[in-house]
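Below: one structure, written as structure tokens.
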Amino acid sequence: MGIWQGRSRRKRTGGRLRPVRKKRRFEISRELQFPTLGEPKVKLYRVRGGNRKVRVLVADKIQVFDPATGKHQVAKALTVRQNESNPNYVQRNILNKGAVVETDLGRVRIRSRPGQDGVLNGVLLPASGPA
């Protein structure tokens, strides 16, 4: 079942709005698919205007930026430690922007949007700081 992103049929006061037109195809969004940890897998989508969008479905590696040295490294993601957007995402190992992931280099905060960009980038957190 598609998710409709059009105008509500109710006013803010709770009264009924009489629709001016029917639903349109461009108001339908995609089904929710959350990026998780595991064997790497990506999916290509055709989006509006004939463009392509890459979505990470499953990933196990993350490109990590170390602010202390100014260098990038590829690290193996082990598990999700913290996720401020939804605590349930930690149990399900869902990767999204802002999630803190345990890697072989240490804790990393994801700075990219894997469901939108198709890549997994992050910044290494200080060892003694808050995670």
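Please note that chains go A, B, ... in the order of the structure tokens, that every chain numbers its residues from 1, and that ligands are numbered from 1 in the order shown.
Neighbours of range 85-89 of chain A closer than or equal to 12 Å, with only C-alpha atoms counted and sequence neighbours fewer than 3 positions away skipped, come out as Phe34, Pro35, Thr36, Leu37, Thr79, Val80, Arg81, Gln82, Arg92, Asn93, Ile94, Leu95, Asn96, Lys97, Gly98, Ala99, Val100 and Val101 of chain A.
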Save out the residues we just selected, N, CA and C atoms, as a PDB file, in the first residue's frame.
ATOM      1  N   PHE A  34      14.249   0.375   5.525  1.00  0.00           N
ATOM      2  CA  PHE A  34      15.279   0.896   6.399  1.00  0.00           C
ATOM      3  C   PHE A  34      16.615   0.220   6.130  1.00  0.00           C
ATOM      4  N   PRO A  35      17.709   0.994   6.033  1.00  0.00           N
ATOM      5  CA  PRO A  35      19.042   0.408   5.894  1.00  0.00           C
ATOM      6  C   PRO A  35      19.442  -0.305   7.178  1.00  0.00           C
ATOM      7  N   THR A  36      19.961  -1.510   7.059  1.00  0.00           N
ATOM      8  CA  THR A  36      20.375  -2.285   8.222  1.00  0.00           C
ATOM      9  C   THR A  36      21.802  -2.773   8.038  1.00  0.00           C
ATOM     10  N   LEU A  37      22.317  -3.458   9.058  1.00  0.00           N
ATOM     11  CA  LEU A  37      23.664  -4.030   9.007  1.00  0.00           C
ATOM     12  C   LEU A  37      23.619  -5.442   8.448  1.00  0.00           C
ATOM     13  N   THR A  79      27.747  -2.917  15.169  1.00  0.00           N
ATOM     14  CA  THR A  79      26.382  -2.834  15.680  1.00  0.00           C
ATOM     15  C   THR A  79      25.996  -1.378  15.912  1.00  0.00           C
ATOM     16  N   VAL A  80      24.701  -1.122  16.001  1.00  0.00           N
ATOM     17  CA  VAL A  80      24.200   0.222  16.302  1.00  0.00           C
ATOM     18  C   VAL A  80      24.124   0.359  17.822  1.00  0.00           C
ATOM     19  N   ARG A  81      24.736   1.429  18.348  1.00  0.00           N
ATOM     20  CA  ARG A  81      24.781   1.648  19.794  1.00  0.00           C
ATOM     21  C   ARG A  81      23.734   2.635  20.283  1.00  0.00           C
ATOM     22  N   GLN A  82      23.431   3.659  19.471  1.00  0.00           N
ATOM     23  CA  GLN A  82      22.506   4.698  19.911  1.00  0.00           C
ATOM     24  C   GLN A  82      21.847   5.298  18.687  1.00  0.00           C
ATOM     25  N   ARG A  92      16.894  -3.012  16.214  1.00  0.00           N
ATOM     26  CA  ARG A  92      16.742  -3.533  14.851  1.00  0.00           C
ATOM     27  C   ARG A  92      17.960  -3.266  13.978  1.00  0.00           C
ATOM     28  N   ASN A  93      19.019  -2.615  14.525  1.00  0.00           N
ATOM     29  CA  ASN A  93      20.247  -2.269  13.798  1.00  0.00           C
ATOM     30  C   ASN A  93      19.944  -1.465  12.531  1.00  0.00           C
ATOM     31  N   ILE A  94      19.088  -0.463  12.655  1.00  0.00           N
ATOM     32  CA  ILE A  94      18.739   0.382  11.512  1.00  0.00           C
ATOM     33  C   ILE A  94      19.691   1.566  11.463  1.00  0.00           C
ATOM     34  N   LEU A  95      20.219   1.818  10.255  1.00  0.00           N
ATOM     35  CA  LEU A  95      21.187   2.887  10.038  1.00  0.00           C
ATOM     36  C   LEU A  95      20.481   4.105   9.455  1.00  0.00           C
ATOM     37  N   ASN A  96      20.617   5.251  10.110  1.00  0.00           N
ATOM     38  CA  ASN A  96      20.134   6.501   9.543  1.00  0.00           C
ATOM     39  C   ASN A  96      21.019   7.626  10.046  1.00  0.00           C
ATOM     40  N   LYS A  97      20.792   8.827   9.538  1.00  0.00           N
ATOM     41  CA  LYS A  97      21.628   9.955   9.905  1.00  0.00           C
ATOM     42  C   LYS A  97      21.500  10.222  11.398  1.00  0.00           C
ATOM     43  N   GLY A  98      22.643  10.370  12.063  1.00  0.00           N
ATOM     44  CA  GLY A  98      22.661  10.647  13.491  1.00  0.00           C
ATOM     45  C   GLY A  98      22.835   9.419  14.360  1.00  0.00           C
ATOM     46  N   ALA A  99      22.728   8.233  13.776  1.00  0.00           N
ATOM     47  CA  ALA A  99      22.895   7.005  14.555  1.00  0.00           C
ATOM     48  C   ALA A  99      24.364   6.827  14.931  1.00  0.00           C
ATOM     49  N   VAL A 100      24.604   6.300  16.127  1.00  0.00           N
ATOM     50  CA  VAL A 100      25.968   5.999  16.577  1.00  0.00           C
ATOM     51  C   VAL A 100      26.208   4.513  16.379  1.00  0.00           C
ATOM     52  N   VAL A 101      27.266   4.197  15.612  1.00  0.00           N
ATOM     53  CA  VAL A 101      27.577   2.819  15.237  1.00  0.00           C
ATOM     54  C   VAL A 101      28.914   2.426  15.833  1.00  0.00           C
TER      55      VAL A 101
END
For range 49-93 of chain A against range 110-114 of chain A, with a cut-off of 12 Å and counting only C-alpha atoms, what is the closest atom pair and its distance in Å to one decimal for every residue that makes the cut, ordered by chain and number, as CSV?
residue,atom,partner,partner_atom,distance
A:Lys53,CA,A:Pro114,CA,10.8
A:Val54,CA,A:Pro114,CA,8.6
A:Arg55,CA,A:Pro114,CA,6.3
A:Val56,CA,A:Pro114,CA,5.4
A:Leu57,CA,A:Pro114,CA,8.2
A:Val58,CA,A:Pro114,CA,9.5
A:Ala59,CA,A:Pro114,CA,9.3
A:Lys61,CA,A:Ile110,CA,11.7
A:Ile62,CA,A:Ile110,CA,8.5
A:Gln63,CA,A:Ile110,CA,9.4
A:Val64,CA,A:Ile110,CA,8.8
A:Phe65,CA,A:Arg111,CA,10.0
A:Ala77,CA,A:Ile110,CA,10.9
A:Val80,CA,A:Ile110,CA,10.3
A:Arg81,CA,A:Ile110,CA,11.6
A:Gln82,CA,A:Ile110,CA,10.8
A:Asn83,CA,A:Ile110,CA,10.0
A:Glu84,CA,A:Ile110,CA,11.8
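If you count only C-alpha atoms and ignore residues fewer than 4 places along the chain from Leu17 in chain A, what sits within 10 Å of it is Arg7, Ser8, Arg9, Arg10, Lys11 and Arg12 of chain A.
For range 67-117 of chain A, backbone-based DSSP labels the following residues as alpha helix (DSSP H): Asn88, Tyr89, Val90, Gln91, Pro114, Gly115, Gln116 and Asp117 of chain A.
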For the atom pair CA of Arg18 in chain A and CA of Gly6 in chain A, what is the interatomic distance in Å to one decimal place?
-> 13.6 Å
In chain A, DSSP strand (DSSP E) residues written as an NGL selection string = :A and (3-4 or 28-29 or 36-37 or 41-46 or 52-59 or 61-66 or 71-82 or 100-103 or 107-110 or 121-124)
Take the selection from the previous step and output its residues with C-alpha atoms, as a compact mmCIF listing (two decimals), in the first residue's frame.
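Output saved as result.txt:
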# COMPACT_ATOMS: atom_id res chain seq x y z
CA ILE A 3 1.91 6.32 1.33
CA TRP A 4 0.04 9.43 0.22
CA ILE A 28 2.52 9.03 -3.62
CA SER A 29 5.78 8.22 -1.81
CA THR A 36 20.37 -2.29 8.22
CA LEU A 37 23.66 -4.03 9.01
CA LYS A 41 22.95 -4.54 -0.88
CA VAL A 42 21.77 -1.39 -2.68
CA LYS A 43 18.68 -0.61 -4.73
CA LEU A 44 18.24 1.81 -7.63
CA TYR A 45 15.06 3.85 -8.04
CA ARG A 46 13.75 5.95 -10.86
CA ARG A 52 18.14 7.81 -10.42
CA LYS A 53 18.34 7.47 -6.65
CA VAL A 54 20.45 4.86 -4.86
CA ARG A 55 19.20 3.46 -1.56
CA VAL A 56 21.33 1.41 0.82
CA LEU A 57 19.29 -1.56 1.99
CA VAL A 58 22.06 -3.44 3.81
CA ALA A 59 25.64 -2.34 4.57
CA LYS A 61 31.27 -0.97 5.87
CA ILE A 62 31.31 2.75 6.65
CA GLN A 63 33.68 5.47 5.46
CA VAL A 64 34.96 7.15 8.63
CA PHE A 65 36.47 10.62 8.94
CA ASP A 66 38.88 11.09 11.85
CA LYS A 71 41.98 11.36 7.25
CA HIS A 72 39.32 9.01 5.93
CA GLN A 73 39.30 5.24 6.50
CA VAL A 74 36.93 2.41 5.70
CA ALA A 75 35.78 0.58 8.82
CA LYS A 76 33.65 -2.49 9.45
CA ALA A 77 30.37 -1.63 11.18
CA LEU A 78 29.61 -4.03 14.04
CA THR A 79 26.38 -2.83 15.68
CA VAL A 80 24.20 0.22 16.30
CA ARG A 81 24.78 1.65 19.79
CA GLN A 82 22.51 4.70 19.91
CA VAL A 100 25.97 6.00 16.58
CA VAL A 101 27.58 2.82 15.24
CA GLU A 102 30.24 0.67 16.88
CA THR A 103 33.06 -0.04 14.40
CA ARG A 107 32.23 4.75 17.80
CA VAL A 108 31.10 6.62 14.69
CA ARG A 109 28.18 8.99 14.15
CA ILE A 110 26.58 8.60 10.71
CA ASN A 121 29.73 8.15 5.82
CA GLY A 122 30.47 8.96 9.43
CA VAL A 123 32.66 10.90 11.86
CA LEU A 124 34.73 9.21 14.55
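Residue nearest Ala127 in chain A within the list A:Gly106, A:Gly115, A:Gly49, A:Gly2: A:Gly106 [criterion: smallest interatomic distance, only C-alpha atoms].
Ranking A:Gln91, A:Gly15, A:Leu120, A:Arg48 by their shortest atom-to-atom distance to Glu27 in chain A, with only C-alpha atoms included, puts A:Arg48 first.
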